[in-house]
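Next comes data19.cif, a file with mmCIF, C-alpha atoms.
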data_final
#
loop_
_atom_site.label_atom_id
_atom_site.label_comp_id
_atom_site.auth_asym_id
_atom_site.auth_seq_id
_atom_site.Cartn_x
_atom_site.Cartn_y
_atom_site.Cartn_z
CA MET A 748 -93.25 -6.60 -11.29
CA PHE A 749 -89.81 -5.15 -11.88
CA VAL A 750 -89.15 -1.99 -13.90
CA ASP A 751 -85.76 -1.41 -15.51
CA ALA A 752 -84.82 2.22 -14.86
CA ALA A 753 -82.82 2.27 -18.10
CA ASP A 754 -86.09 1.92 -20.04
CA LEU A 755 -87.71 4.97 -18.42
CA ASP A 756 -87.74 8.60 -19.43
CA ALA A 757 -87.54 11.32 -16.77
CA LYS A 758 -91.34 11.63 -16.46
CA SER A 759 -91.83 7.90 -15.92
CA SER A 760 -89.01 7.71 -13.37
CA TYR A 761 -90.44 10.71 -11.54
CA LYS A 762 -93.83 9.00 -11.20
CA LEU A 763 -92.24 5.95 -9.58
CA LEU A 764 -90.04 8.04 -7.29
CA ILE A 765 -92.81 10.27 -5.97
CA GLY A 766 -95.20 7.34 -5.59
CA GLY A 767 -92.64 5.15 -3.89
CA ILE A 768 -91.03 7.64 -1.50
CA ILE A 769 -93.90 8.55 0.82
CA PRO A 770 -94.59 10.52 2.86
CA ARG A 771 -92.13 13.23 1.86
CA ALA A 772 -91.47 16.29 3.96
CA ILE A 773 -92.06 19.54 2.10
CA ALA A 774 -89.53 22.35 2.10
CA TRP A 775 -91.53 25.53 1.54
CA VAL A 776 -88.64 27.61 0.22
CA SER A 777 -88.60 31.38 0.33
CA THR A 778 -85.99 33.28 -1.66
CA GLU A 779 -85.38 36.72 -3.10
CA SER A 780 -83.96 37.56 -6.50
CA VAL A 781 -80.94 39.85 -6.82
CA ASP A 782 -83.52 42.58 -7.55
CA GLY A 783 -85.42 41.88 -4.34
CA VAL A 784 -88.42 40.05 -5.83
CA GLY A 785 -89.86 37.52 -3.38
CA ASN A 786 -90.29 33.91 -4.48
CA LEU A 787 -91.92 30.96 -2.78
CA ALA A 788 -92.00 27.31 -3.85
CA PRO A 789 -92.66 23.87 -2.35
CA VAL A 790 -89.89 21.29 -2.78
CA SER A 791 -90.55 17.71 -1.66
CA PHE A 792 -87.16 16.28 -2.60
CA PHE A 793 -85.95 17.49 0.79
CA THR A 794 -84.06 16.09 3.75
CA ALA A 795 -81.42 16.73 6.42
CA VAL A 796 -77.87 15.75 5.50
CA GLY A 797 -75.75 16.86 8.45
CA ARG A 798 -75.80 17.85 12.14
CA LYS A 799 -72.69 19.92 12.85
CA PRO A 800 -72.96 22.19 11.04
CA PRO A 801 -76.68 21.55 10.51
CA MET A 802 -77.19 20.96 6.78
CA LEU A 803 -80.30 20.55 4.63
CA SER A 804 -80.70 19.37 1.07
CA ILE A 805 -83.27 20.22 -1.59
CA SER A 806 -83.36 18.93 -5.17
CA MET A 807 -85.00 20.82 -8.01
CA GLN A 808 -86.01 20.12 -11.58
CA PRO A 809 -86.29 22.81 -14.29
CA ARG A 810 -89.59 24.49 -15.10
CA SER A 811 -92.33 22.66 -16.95
CA ASP A 812 -90.79 23.59 -20.31
CA GLY A 813 -87.88 21.32 -19.40
CA VAL A 814 -85.19 23.85 -20.33
CA THR A 815 -85.56 26.85 -18.01
CA LEU A 816 -84.21 26.87 -14.47
CA LYS A 817 -86.74 27.60 -11.74
CA ASP A 818 -86.66 30.98 -10.00
CA THR A 819 -86.02 29.32 -6.64
CA PHE A 820 -82.83 27.70 -7.91
CA VAL A 821 -81.65 30.84 -9.72
CA ASN A 822 -82.23 32.98 -6.63
CA ILE A 823 -80.33 30.58 -4.37
CA ARG A 824 -77.48 30.32 -6.87
CA ASP A 825 -77.23 34.07 -7.34
CA THR A 826 -77.75 35.26 -3.73
CA GLY A 827 -76.52 32.30 -1.68
CA GLU A 828 -79.44 32.51 0.76
CA PHE A 829 -82.83 30.89 1.34
CA VAL A 830 -85.32 29.97 4.05
CA ILE A 831 -87.09 26.64 4.43
CA ASN A 832 -90.49 27.00 6.09
CA MET A 833 -92.57 24.17 7.54
CA ALA A 834 -95.95 23.68 5.86
CA THR A 835 -98.99 22.88 8.01
CA LEU A 836 -102.64 22.19 7.28
CA PRO A 837 -103.89 25.79 7.68
CA GLN A 838 -101.47 26.84 4.91
CA ALA A 839 -102.08 23.84 2.62
CA ASP A 840 -103.94 25.79 -0.06
CA HIS A 841 -101.31 28.55 -0.12
CA LEU A 842 -98.65 25.84 -0.27
CA HIS A 843 -100.31 24.26 -3.29
CA ARG A 844 -100.82 27.57 -5.07
CA SER A 845 -97.17 28.46 -4.56
CA ALA A 846 -96.38 25.64 -7.01
CA PHE A 847 -98.02 27.63 -9.85
CA GLU A 848 -95.54 29.02 -12.35
CA PHE A 849 -95.72 32.76 -11.76
CA ASP A 850 -93.80 35.24 -13.90
CA THR A 851 -90.30 35.94 -12.62
CA ASP A 852 -91.09 39.57 -11.79
CA VAL A 853 -94.12 38.67 -9.61
CA ASP A 854 -93.63 38.84 -5.85
CA GLU A 855 -95.24 35.54 -4.86
CA PHE A 856 -95.80 36.49 -1.22
CA GLU A 857 -97.97 39.36 -2.42
CA ALA A 858 -99.64 37.28 -5.13
CA LEU A 859 -100.58 34.59 -2.61
CA GLY A 860 -101.53 36.99 0.16
CA LEU A 861 -99.03 35.55 2.62
CA GLU A 862 -97.66 37.66 5.46
CA THR A 863 -93.91 37.51 5.99
CA ALA A 864 -91.63 38.05 8.96
CA PRO A 865 -88.00 39.16 8.78
CA SER A 866 -85.21 36.64 9.07
CA GLN A 867 -82.27 37.28 11.39
CA ALA A 868 -79.28 36.07 9.36
CA VAL A 869 -80.40 36.01 5.71
CA ARG A 870 -82.23 38.44 3.43
CA PRO A 871 -85.24 36.32 2.35
CA PRO A 872 -88.11 36.49 4.87
CA ARG A 873 -89.85 33.57 6.50
CA ILE A 874 -93.58 32.90 6.28
CA LYS A 875 -95.02 34.51 9.39
CA ASP A 876 -97.49 31.71 10.20
CA ALA A 877 -95.04 28.86 9.63
CA PRO A 878 -94.35 27.21 13.00
CA LEU A 879 -90.72 26.44 12.14
CA ALA A 880 -88.22 27.87 9.69
CA PHE A 881 -84.58 27.27 8.80
CA GLU A 882 -82.48 30.21 7.62
CA CYS A 883 -79.88 28.82 5.24
CA LYS A 884 -76.66 29.88 3.54
CA LEU A 885 -75.73 28.08 0.33
CA ASN A 886 -73.09 25.41 0.94
CA ARG A 887 -72.88 23.71 -2.45
CA ILE A 888 -74.73 22.97 -5.67
CA ILE A 889 -74.48 19.49 -7.16
CA PRO A 890 -75.61 19.20 -10.80
CA ILE A 891 -77.20 15.90 -11.84
CA GLU A 892 -75.36 14.63 -14.88
CA GLY A 893 -77.45 14.41 -18.03
CA SER A 894 -80.22 16.76 -16.85
CA LEU A 895 -80.96 20.25 -15.56
CA ASP A 896 -81.75 18.86 -12.10
CA HIS A 897 -79.65 20.19 -9.22
CA VAL A 898 -79.13 19.28 -5.58
CA VAL A 899 -78.64 22.24 -3.25
CA TRP A 900 -77.09 21.96 0.20
CA GLY A 901 -77.78 24.75 2.66
CA GLU A 902 -76.17 25.32 6.04
CA VAL A 903 -78.73 26.28 8.68
CA VAL A 904 -77.48 29.44 10.40
CA ARG A 905 -80.67 30.25 12.35
CA PHE A 906 -83.58 28.11 13.55
CA TYR A 907 -86.95 29.72 14.11
CA VAL A 908 -89.29 27.74 16.40
CA ARG A 909 -92.63 29.15 17.54
CA ASP A 910 -92.40 29.72 21.29
CA ASP A 911 -95.13 27.26 22.32
CA LEU A 912 -93.46 24.43 20.37
CA TYR A 913 -90.03 24.78 21.99
CA LEU A 914 -89.96 22.47 24.99
CA GLU A 915 -87.56 22.19 27.89
CA GLY A 916 -84.32 20.56 26.82
CA GLY A 917 -84.55 21.92 23.28
CA ARG A 918 -87.12 19.44 22.00
CA ILE A 919 -89.85 20.41 19.55
CA ASP A 920 -93.42 19.43 20.44
CA THR A 921 -94.00 17.56 17.17
CA GLY A 922 -97.37 16.21 18.28
CA ALA A 923 -98.77 19.75 18.31
CA ILE A 924 -97.91 20.43 14.66
CA PRO A 925 -100.46 19.58 11.92
CA ALA A 926 -97.63 18.93 9.47
CA VAL A 927 -98.39 18.34 5.80
CA GLY A 928 -96.39 15.92 3.66
CA ARG A 929 -96.40 14.82 0.04
CA LEU A 930 -97.83 11.60 -1.41
CA ALA A 931 -97.01 11.35 -5.12
CA ALA A 932 -98.92 14.44 -6.40
CA GLU A 933 -101.20 14.71 -3.36
CA TYR A 934 -100.80 15.71 0.26
CA THR A 935 -101.12 13.97 3.60
CA LEU A 936 -101.82 15.26 7.09
CA VAL A 937 -99.52 13.82 9.74
CA ASN A 938 -102.02 13.16 12.53
CA THR A 939 -101.03 9.87 14.17
CA VAL A 940 -98.04 9.00 16.31
CA PHE A 941 -96.79 5.74 17.81
CA THR A 942 -93.86 3.78 19.12
CA THR A 943 -93.40 0.05 18.66
CA PRO A 944 -94.40 -2.62 19.37
CA LEU A 945 -98.11 -2.13 18.63
CA ASP A 946 -100.90 -4.61 19.27
CA ASP A 947 -101.04 -7.14 16.38
CA GLU A 948 -104.76 -6.63 15.85
CA LEU A 949 -104.30 -2.87 15.62
CA VAL A 950 -101.49 -3.29 13.10
CA THR A 951 -103.55 -5.68 10.97
CA THR A 952 -106.55 -3.34 11.00
CA HIS A 953 -104.61 -0.29 9.90
CA ALA A 954 -102.33 -2.09 7.43
CA GLY A 955 -105.32 -3.29 5.42
CA GLN A 956 -107.04 0.09 5.12
CA ARG A 957 -106.78 2.68 2.36
CA MET A 958 -105.87 6.17 3.45
CA HIS A 959 -108.85 8.29 4.45
CA ARG A 960 -109.38 11.16 2.01
CA LEU A 961 -110.07 14.58 3.51
CA ASP A 962 -111.39 15.86 0.17
CA GLU A 963 -114.29 14.47 -1.89
CA GLN A 964 -112.26 12.72 -4.58
CA ALA A 965 -112.63 9.03 -5.41
CA ALA A 966 -110.43 6.65 -3.46
CA ASP A 967 -108.12 5.93 -6.41
CA TRP A 968 -108.07 9.46 -7.92
CA SER A 969 -104.75 11.23 -8.49
CA PRO A 970 -103.76 14.65 -9.90
CA ILE A 971 -101.16 12.77 -11.97
CA ASP A 972 -104.01 11.74 -14.28
CA THR A 973 -105.02 15.36 -14.93
CA GLU A 974 -103.63 18.14 -17.11
CA ALA A 975 -102.83 20.17 -14.01
CA TRP A 976 -99.95 17.84 -13.12
CA SER A 977 -96.43 18.37 -14.42
CA PRO A 978 -93.30 16.25 -13.89
CA SER A 979 -91.50 19.50 -13.08
CA GLY A 980 -93.27 19.62 -9.72
CA SER A 981 -95.20 22.69 -10.84
CA THR A 982 -98.99 22.95 -10.89
CA MET A 983 -100.15 23.79 -14.40
CA SER A 984 -103.59 25.31 -13.81
CA GLY A 985 -105.40 27.52 -11.38
CA GLY A 986 -102.98 30.44 -11.28
CA SER A 987 -100.80 32.78 -13.26
CA GLN A 988 -98.77 30.83 -15.78
CA ARG A 989 -95.30 31.39 -17.17
#

structure tokens encoding of this file:
Amino acid sequence: MFVDAADLDAKSSYKLLIGGIIPRAIAWVSTESVDGVGNLAPVSFFTAVGRKPPMLSISMQPRSDGVTLKDTFVNIRDTGEFVINMATLPQADHLHRSAFEFDTDVDEFEALGLETAPSQAVRPPRIKDAPLAFECKLNRIIPIEGSLDHVVWGEVVRFYVRDDLYLEGGRIDTGAIPAVGRLAAEYTLVNTVFTTPLDDELVTTHAGQRMHRLDEQAADWSPIDTEAWSPSGSTMSGGSQR
């Protein structure tokens, strides 16, 4: 079937985007307000956009009310600094809970019980147990016409790489990282690696299989069908609400 984008509202478009762009890397973004309140949020509209200088991009929607800008965006806009942390399986629950809509004056590192470590070049801290982190200075903000969505470009001024992951020649040992990505409103563990070509029988076997669920949900279950899901990217139950 074909779907005309002109016939869709923002919520419907969002469902198709997050279901069709998979897996998505997750930027676990730490910021501080101008008053020094720590904020943490997962952003899965995230990618690299440049090499020299190294540049990253994150895109954010407003809060679930559709009219209020998220604290992460406001903090980046007002302070010009942020840190993108890599999310891994041991932090998956904290990652998910950081999508709850906490009050603006709540320090989310404290609320989530996450230990921080100081950054070198920016004020917001990194998550201590994150294996990699990118300290960023705001480069530009690109508003999306007709909405309160914004694209943020950040220049990476410091890379943090856990010592055991930094290999000779400056390569990261990606196979040692239990990285977590986003699938629509769910998560995926990156735990296979390959180069091509693969054996045809192996390809056929894997191409015809559903993903293996690590939880106990039904094979076709999705949080999108529950009240906890919001097209803002926030989780609407299980924590302190705005």

Practice task
Go through the shown structure with the PyMOL selection byres ((chain A and resi 797) around 12) and write out the matching residues as a PyMOL selection string.
Solution key: chain A and resi 794-796+798-804+886+900-903

Residue IDs satisfying the PyMOL selection byres ((chain A and resi 828) around 10), as a ChimeraX atom specification: /A:777-780,822-827,829-830,868-871,882-886,901-902

Once you have the residues from the selection above, write them out as a JSON list (two decimals), in the coordinates of the input, restricted to C-alpha atoms.
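Generated file (out-v3.json):
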[["chain", "number", "residue", "atom", "x", "y", "z"],
["A", 777, "SER", "CA", -88.60, 31.38, 0.33],
["A", 778, "THR", "CA", -85.99, 33.28, -1.66],
["A", 779, "GLU", "CA", -85.38, 36.72, -3.10],
["A", 780, "SER", "CA", -83.96, 37.56, -6.50],
["A", 822, "ASN", "CA", -82.23, 32.98, -6.63],
["A", 823, "ILE", "CA", -80.33, 30.58, -4.37],
["A", 824, "ARG", "CA", -77.48, 30.32, -6.87],
["A", 825, "ASP", "CA", -77.23, 34.07, -7.34],
["A", 826, "THR", "CA", -77.75, 35.26, -3.73],
["A", 827, "GLY", "CA", -76.52, 32.30, -1.68],
["A", 829, "PHE", "CA", -82.83, 30.89, 1.34],
["A", 830, "VAL", "CA", -85.32, 29.97, 4.05],
["A", 868, "ALA", "CA", -79.28, 36.07, 9.36],
["A", 869, "VAL", "CA", -80.40, 36.01, 5.71],
["A", 870, "ARG", "CA", -82.23, 38.44, 3.43],
["A", 871, "PRO", "CA", -85.24, 36.32, 2.35],
["A", 882, "GLU", "CA", -82.48, 30.21, 7.62],
["A", 883, "CYS", "CA", -79.88, 28.82, 5.24],
["A", 884, "LYS", "CA", -76.66, 29.88, 3.54],
["A", 885, "LEU", "CA", -75.73, 28.08, 0.33],
["A", 886, "ASN", "CA", -73.09, 25.41, 0.94],
["A", 901, "GLY", "CA", -77.78, 24.75, 2.66],
["A", 902, "GLU", "CA", -76.17, 25.32, 6.04]]

The distance between atom CA of Ile805 of chain A and atom CA of Asp896 of chain A is 10.7 Å

Can you work out which one of A:Thr921, A:Thr935, A:Ser806, A:Thr815 has the shortest atom-to-atom distance to Ile769 of chain A, counting all atoms listed in the file?
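For Ile769 of chain A, the nearest of the candidates is A:Thr935.
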
Worksheet item: Distance atom CA of Thr851 of chain A-atom CA of Ser969 of chain A, one decimal place?
Response: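 It comes out at 28.9 Å.
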
Need to verify the contact set: Arg771 of chain A, 8 Å, all atoms listed in the file, exclusion of same-chain residues closer than 3 positions in sequence. Can you return it as a PDB file with C-alpha atoms, keeping the file's coordinate frame?
ATOM      1  CA  ILE A 768     -91.030   7.640  -1.500  1.00  0.00           C
ATOM      2  CA  SER A 791     -90.550  17.710  -1.660  1.00  0.00           C
ATOM      3  CA  PHE A 792     -87.160  16.280  -2.600  1.00  0.00           C
ATOM      4  CA  PHE A 793     -85.950  17.490   0.790  1.00  0.00           C
ATOM      5  CA  GLY A 928     -96.390  15.920   3.660  1.00  0.00           C
ATOM      6  CA  ARG A 929     -96.400  14.820   0.040  1.00  0.00           C
ATOM      7  CA  LEU A 930     -97.830  11.600  -1.410  1.00  0.00           C
TER       8      LEU A 930
END

Expand the PyMOL selection byres ((chain A and resi 766) around 12) into the explicit residue set it covers here, and present it as a PDB file with C-alpha atoms, keeping the file's coordinate frame.
ATOM      1  CA  SER A 759     -91.830   7.900 -15.920  1.00  0.00           C
ATOM      2  CA  SER A 760     -89.010   7.710 -13.370  1.00  0.00           C
ATOM      3  CA  TYR A 761     -90.440  10.710 -11.540  1.00  0.00           C
ATOM      4  CA  LYS A 762     -93.830   9.000 -11.200  1.00  0.00           C
ATOM      5  CA  LEU A 763     -92.240   5.950  -9.580  1.00  0.00           C
ATOM      6  CA  LEU A 764     -90.040   8.040  -7.290  1.00  0.00           C
ATOM      7  CA  ILE A 765     -92.810  10.270  -5.970  1.00  0.00           C
ATOM      8  CA  GLY A 767     -92.640   5.150  -3.890  1.00  0.00           C
ATOM      9  CA  ILE A 768     -91.030   7.640  -1.500  1.00  0.00           C
ATOM     10  CA  ILE A 769     -93.900   8.550   0.820  1.00  0.00           C
ATOM     11  CA  PRO A 770     -94.590  10.520   2.860  1.00  0.00           C
ATOM     12  CA  ARG A 771     -92.130  13.230   1.860  1.00  0.00           C
ATOM     13  CA  ARG A 929     -96.400  14.820   0.040  1.00  0.00           C
ATOM     14  CA  LEU A 930     -97.830  11.600  -1.410  1.00  0.00           C
ATOM     15  CA  ALA A 931     -97.010  11.350  -5.120  1.00  0.00           C
ATOM     16  CA  ALA A 932     -98.920  14.440  -6.400  1.00  0.00           C
ATOM     17  CA  GLU A 933    -101.200  14.710  -3.360  1.00  0.00           C
ATOM     18  CA  TYR A 934    -100.800  15.710   0.260  1.00  0.00           C
ATOM     19  CA  SER A 969    -104.750  11.230  -8.490  1.00  0.00           C
ATOM     20  CA  ILE A 971    -101.160  12.770 -11.970  1.00  0.00           C
TER      21      ILE A 971
END

note - atom CA of Asp782 of chain A and atom CA of Lys817 of chain A are separated by 15.9 Å
